[in-house]
Structure formats: C-alpha cells, structure tokens
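Reading through the structure tokens given below for one structure.
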Amino acid sequence: MGGLTDRAWLRYATLFVLITALVTGAVIAIGAQGGGHLAANRDQLRKACDGALPYGDLERLVRDARPGELEQHGTMLAPGRESRSLLDCSLSWGGGNEVTVHAEALVSDVPQGMETRQIVGPGPGATFTAPGTTGRYGARGAWLVADCLGGLDGRVRPTTDLYVTAKVTDGSAAEAGGADATTALTGFRTAVHVANAITRTQRCGGPPLDPPARVVATAPGQGGAGLTGAAARRCDWISPSSVPGLRPGAWATRGDAQDSPSLSACTGDWDPDARTGAGMAPREWQITGVEAASWAGILGRSAYDSYEREGHVPGWGADEENRLVAAGPDGPGTDDGADGPGTDDGAGAGGRVDRVPSYLTRPQLALWARSVCGGRVTYHRVSVLPRLRIPDGETVPLGPKRRAALSETAHTLLSRYLGAEDGWPKTAGCRDTKVLGEVEEWH
C-alpha cells in the first residue's frame, strides 16, 4: 500500500509541476503580447478628458492588449492657457476602438449645413438623429448644440452657445460595414455627457440635456421613422387642402426628425407616383414643392448667414427696380399661372417681366419672418417651388400675374406653418412675429 501511495504522490507532484509550468508560460506569453492592461485602461477611461466621458457607454470598447493612448488639451484642462477649444480629447485602445470629442464655445456660426434641405436630407451615407437632441450623427460622428445661459469661459468674446462633437469608433462594427444605430447612439450619448459635464463645471444654469435612449435613421425614405406623437405629425399640415395654390394630388412630406426645441424643418413635394389616370402631369408654374423651417438662437443666426452668403435673404439680390426688364411689344399677358403655360410673358404698357434662367436647379420664392420662440429670437423661412422645364441656355418669362400668384401662396404657406397645431412654431409658443420680406431665388 505504501508503494502505491508513493507512486500516486509522485504522479500528483508531476502533474502539479506541469500545470504550474503551463500557467507560468501563458502569463509570460500574454505579457510578451502586451496584455494585462484592462484594469489600468478602465481607470484611464474614468479620468480621461477631465472625467467627461460616459464610462458606462464606452467600457465595452476598452481592450486589454495594450495601454490606452490618450491625447488631450483645452481650457477645461488648463484654464490659464489660451485655446480655441474648451476640450479636445482622443482615447484609443487598438483594434479600431477609439473615442474622440471636441467642445468649443461658439462665437460664430454653427459649422454645419443649416439650410432647409441640408437639415432634412443631409446627404449620402448613414445618418441618424436622436429625438430631443439638437444635432445629427454622420460620417464624422455626432454633433450637438447646447445652451449655457450663464456664459462660457475660455474665449475673449462672451457666448452662451456650446458646440460638441463626438466620434466613437467600434472596430468590430467598422469591419461589419460602418456606422450603425448602436454606434450612433453611443456617439450621441457621449456628446451629451461631455456637454453636461462642461455646463456643470462652467455653472451654466438650466437643466442638463437628457441622454438619448434611441436614434432615428434619416436616410432618404426613412426620415422621421420612429417618431411618435406631435413630433411625427410636425409636417402633416403640408397639403393642397390647407395651402391653396399647391398642385392638387398626393404630397410626400419629410421632417428633420430631431424633435428639437431649437430647430425644425419640413419639406413637401407633389408625389408623382401617387397619381392615378392620364393627364396628371403638372403644368408649368404649378407649385410642386415647398419648404418650411425655423431656427432659434445661434442656429437662426447661422441659417440666416448661410442664405445671406448666397444673396438669399430679404434686401439682397437684384434691386426691385433693376431686376425687372421692361416688357417688349408682345402685348399684355392673359394667364394667371394657375391653369397652365398660358401667355403671361409680358404685362403690356408699363408692365415688367422677369426672366428665370435654365442653370437654376430649383428656382423658388422664399418668405422670411422673425419671432420670439421660447425666449429666443427665431427666424422662419418658407418657400414655394414651381414646376419649370427650361431648355439649356434659355430663360422663361415671369410676369406680374404669376409673380403675384407665387407671392400669395408663399404668404398662405407661412400663415399655415405658424398656425399648425402640431407644427413647431405653435408648440414652441412663438410670438411677436414680423414678416421680413420675400426673396426671389432665381437671380
């Protein structure tokens, strides 16, 4: 029995030595490959970027293979230094997993497209909005705008507007085909978390932003999908029944899907796929498209400046007297622009006629107004887009009757927009509205 016990003991001892050697070898191998950094990398995530990153949202991206690489600067980190940024921070863990954030006090326009069609249709590629957040997620990550009523430090000029961007890269998602809803939501939540950290540190006052719980895809054909309640009906007021002068038939509407307290945009287009029967093609000068948008605070200034650079705000463009060319000897026009091409290419003695060139993709008549909405100066812009077929290199005449018909429809459109029960101006409590003037966007 004693011999058997000795042999069993020897086997167990040999097995123990073998296991110990294997474990030691594995530890050495992992160390040689750069592992063992998970705990330190998690601790770094908690402290990086002045503690402004959302640990719970980003923890899944942290890797063990190597130390995290951190680059950061900005007046939040070094208050005594001059910098254009409140915070610039990048943290990566290898394998394509990385987060980059930027925050600045805006003293000029928002560096994003603010024109109506840019908001509703931001371009190719996967884009998302987070309902309740003023911003968007696209190829460059998420961006948002937040208020700091108490004023932001770090810039010579005082400002109450905060601009934050956040790009979160998930290596596994990138290999699967680029940004998805999960990555977009993480980007938005990161930007919101950074904005709240800054406004809290700067004692801005006011409630923090709510971290979004979901995102909405805004690719063509998907805009607004997933919105509920009044936000889903924000553009439903656009129809020939509520706006006389629009092309009869079915209309397709799209909204910006942001459900933002600072911005809203709607577009409406006559839907050719919904027509039934023959002879339904729109006639020349019939209105087959409309736009309606509102921008509050810094967004209003940014949108107005964007249109102003193109000469498309009231008081710009061709002079009222010089833009019109005296009518020739063709005689008076007889068409009011509502029933077809007609002959309204002149206005007879003393009449004047404008010319619309072929190089314009979508000539339109816009109407601007200004209100106070939610305590902030807000700009509104609506426009009507007539159906035109202009041969290359040529122009078509626009006489006073058609011009007056476009104006009447634009003013009706603005009235309906401001008064729509589920529309943005009504829900934002806009008051003290002043019509600023029309803009002929065909010069």
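FYI, nothing fancy with the structure tokens labels: chains A, B, ... in order, residues from 1 per chain, ligands from 1 as they appear.
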List the neighbours of segment 257-265 of chain A out to 6 Å using only C-alpha atoms; skip same-chain residues closer than 6 positions along the sequence, and give me the result as a list in words.
->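 Once the nearby chain positions are removed, what remains is Thr116, Thr129, Pro131, Gly132, Thr133, Thr134, Gly224, Ala231, Ala292, Ala293, Ser294, Trp295 and Ala296 of chain A.
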Could you dump the residues just selected with N, CA, C and O atoms as a compact mmCIF listing (two decimals), in the first residue's frame?
# COMPACT_ATOMS: atom_id res chain seq x y z
N THR A 116 -32.56 74.51 -45.24
CA THR A 116 -33.66 73.58 -45.02
C THR A 116 -33.40 72.20 -45.58
O THR A 116 -33.53 71.18 -44.88
N THR A 129 -30.53 60.85 -36.20
CA THR A 129 -30.82 61.89 -35.23
C THR A 129 -31.23 61.20 -33.93
O THR A 129 -31.62 60.02 -33.93
N PRO A 131 -34.00 61.94 -31.17
CA PRO A 131 -35.12 62.82 -30.84
C PRO A 131 -34.93 63.51 -29.49
O PRO A 131 -34.63 62.88 -28.48
N GLY A 132 -35.09 64.84 -29.51
CA GLY A 132 -34.89 65.65 -28.32
C GLY A 132 -33.53 66.29 -28.24
O GLY A 132 -33.29 67.15 -27.39
N THR A 133 -32.61 65.90 -29.13
CA THR A 133 -31.26 66.44 -29.15
C THR A 133 -31.07 67.25 -30.42
O THR A 133 -31.38 66.78 -31.51
N THR A 134 -30.55 68.46 -30.29
CA THR A 134 -30.30 69.30 -31.45
C THR A 134 -28.97 68.92 -32.06
O THR A 134 -27.91 69.33 -31.58
N GLY A 224 -37.84 60.61 -40.08
CA GLY A 224 -38.96 60.68 -39.17
C GLY A 224 -39.48 59.34 -38.70
O GLY A 224 -40.31 59.28 -37.80
N ALA A 231 -44.52 65.12 -32.68
CA ALA A 231 -43.30 65.19 -33.49
C ALA A 231 -43.48 64.44 -34.81
O ALA A 231 -42.95 64.86 -35.84
N ALA A 292 -40.33 74.65 -45.30
CA ALA A 292 -40.66 75.45 -44.13
C ALA A 292 -39.69 75.07 -43.02
O ALA A 292 -39.49 73.89 -42.74
N ALA A 293 -39.07 76.08 -42.41
CA ALA A 293 -38.09 75.80 -41.37
C ALA A 293 -38.05 76.93 -40.36
O ALA A 293 -38.40 78.07 -40.66
N SER A 294 -37.59 76.60 -39.15
CA SER A 294 -37.39 77.57 -38.08
C SER A 294 -36.07 77.27 -37.39
O SER A 294 -35.71 76.10 -37.20
N TRP A 295 -35.38 78.34 -37.00
CA TRP A 295 -34.10 78.22 -36.30
C TRP A 295 -34.07 79.22 -35.16
O TRP A 295 -34.28 80.42 -35.38
N ALA A 296 -33.80 78.76 -33.95
CA ALA A 296 -33.77 79.64 -32.78
C ALA A 296 -32.33 79.89 -32.33
O ALA A 296 -31.45 79.05 -32.48
Atom CA of His193 of chain A to atom CA of Leu144 of chain A, straight-line distance in Å =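 Rounded to one decimal, the two atoms are 11.2 Å apart.
With only C-alpha atoms as the atoms that count, the residue of A:Gly437, A:Gly429, A:Gly297, A:Pro79 with the shortest distance to Cys373 of chain A is A:Gly429.
When DSSP reads the backbone of this structure, the residues of segment 158-222 of chain A it assigns to helix (DSSP H, G or I) are Gly171, Ser172, Ala173, Ala174, Glu175, Ala181, Thr182, Thr183, Ala184, Leu185, Thr186, Gly187, Phe188, Arg189, Thr190, Ala191, Val192, His193, Val194, Ala195, Asn196, Ala197, Ile198, Thr199, Arg200 and Thr201 of chain A.
Taking only C-alpha atoms, the non-local environment of Val120 of chain A within 9 Å (same-chain residues fewer than 5 positions away omitted) comprises Glu115, Thr218, Gly223, Arg254, Gly255, Asp256, Ala257, Ala265, Cys266 and Thr267 of chain A.
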Grab the residues selected above and save them as an mmCIF file, in the first residue's frame with N, CA, C and O atoms.
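Dumped everything to out_24.cif:
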data_model
loop_
_atom_site.group_PDB
_atom_site.id
_atom_site.type_symbol
_atom_site.label_atom_id
_atom_site.label_comp_id
_atom_site.auth_asym_id
_atom_site.auth_seq_id
_atom_site.Cartn_x
_atom_site.Cartn_y
_atom_site.Cartn_z
ATOM 1 N N GLU A 115 -29.219 75.055 -43.976
ATOM 2 C CA GLU A 115 -30.311 75.353 -44.892
ATOM 3 C C GLU A 115 -31.318 74.198 -44.874
ATOM 4 O O GLU A 115 -30.986 73.064 -44.535
ATOM 5 N N THR A 218 -32.087 58.676 -40.789
ATOM 6 C CA THR A 218 -32.600 59.781 -41.612
ATOM 7 C C THR A 218 -32.191 59.655 -43.064
ATOM 8 O O THR A 218 -32.167 60.640 -43.795
ATOM 9 N N GLY A 223 -36.707 59.310 -43.111
ATOM 10 C CA GLY A 223 -36.773 60.468 -42.250
ATOM 11 C C GLY A 223 -38.031 60.481 -41.402
ATOM 12 O O GLY A 223 -39.137 60.385 -41.895
ATOM 13 N N ARG A 254 -41.443 65.341 -45.525
ATOM 14 C CA ARG A 254 -40.326 64.853 -44.702
ATOM 15 C C ARG A 254 -39.971 65.910 -43.674
ATOM 16 O O ARG A 254 -40.074 67.110 -43.938
ATOM 17 N N GLY A 255 -39.556 65.455 -42.503
ATOM 18 C CA GLY A 255 -39.114 66.353 -41.454
ATOM 19 C C GLY A 255 -37.698 66.044 -41.030
ATOM 20 O O GLY A 255 -37.103 65.050 -41.464
ATOM 21 N N ASP A 256 -37.138 66.872 -40.179
ATOM 22 C CA ASP A 256 -35.743 66.691 -39.751
ATOM 23 C C ASP A 256 -35.588 65.591 -38.709
ATOM 24 O O ASP A 256 -34.478 65.127 -38.463
ATOM 25 N N ALA A 257 -36.677 65.182 -38.049
ATOM 26 C CA ALA A 257 -36.676 64.066 -37.087
ATOM 27 C C ALA A 257 -35.867 64.341 -35.835
ATOM 28 O O ALA A 257 -35.564 63.417 -35.085
ATOM 29 N N ALA A 265 -37.498 71.576 -39.455
ATOM 30 C CA ALA A 265 -37.529 71.757 -40.908
ATOM 31 C C ALA A 265 -38.465 70.736 -41.525
ATOM 32 O O ALA A 265 -38.500 69.571 -41.114
ATOM 33 N N CYS A 266 -39.241 71.195 -42.516
ATOM 34 C CA CYS A 266 -40.153 70.334 -43.263
ATOM 35 C C CYS A 266 -39.983 70.605 -44.754
ATOM 36 O O CYS A 266 -39.756 71.750 -45.161
ATOM 37 N N THR A 267 -40.115 69.570 -45.539
ATOM 38 C CA THR A 267 -40.218 69.723 -46.984
ATOM 39 C C THR A 267 -41.437 68.951 -47.456
ATOM 40 O O THR A 267 -41.821 67.936 -46.857
#
Could you name the residues that touch Thr199 of chain A at 8 Å or less, counting only C-alpha atoms, but leaving out those on the same chain fewer than 6 positions away, as a VMD selection string?
-> chain A and resid 148 205 208
Could you write those residues out with C-alpha atoms, as a PDB file, in the first residue's frame?
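File written: selection15.pdb
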ATOM      1  CA  CYS A 148     -25.042  77.870 -21.376  1.00  0.00           C
ATOM      2  CA  GLY A 205     -27.554  77.101 -15.151  1.00  0.00           C
ATOM      3  CA  PRO A 208     -28.846  69.171 -18.226  1.00  0.00           C
TER       4      PRO A 208
END
Record the distance separating atom CA of Gly36 of chain A and atom CA of Ala48 of chain A, expressed in Å with one decimal.
->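 Separating atom CA of Gly36 of chain A from atom CA of Ala48 of chain A is a distance of 19.5 Å.
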Can you work out which one of A:Thr190, A:Ser108, A:Ser358, A:Thr427 has the shortest atom-to-atom distance to Asp161 of chain A, counting only C-alpha atoms?
->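 Of A:Thr190, A:Ser108, A:Ser358, A:Thr427, the one nearest Asp161 of chain A is A:Ser108, counting only C-alpha atoms.
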Counting only C-alpha atoms, the residue of A:Trp424, A:Trp442, A:Tyr417, A:Trp368 that sits nearest Ala232 of chain A |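 Looking only at the distances to Ala232 of chain A, the closest residue turns out to be A:Trp424.
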Contacts of segment 67-73 of chain A at 8 Å (only C-alpha atoms; same-chain gap of 3+ positions) as a list in words |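 Surrounding residues, per the criterion: His37, Ala40, Asn41, Gln44, Ala48, Cys49, Asp64, Met76, Leu77, Ala78, Leu87, Asp88, Cys89, Ser90, Leu91, Ser92, Trp93 and Gly94 of chain A.
Between atom CA of Gly289 of chain A and atom CA of Leu388 of chain A there is a distance of 11.5 Å.
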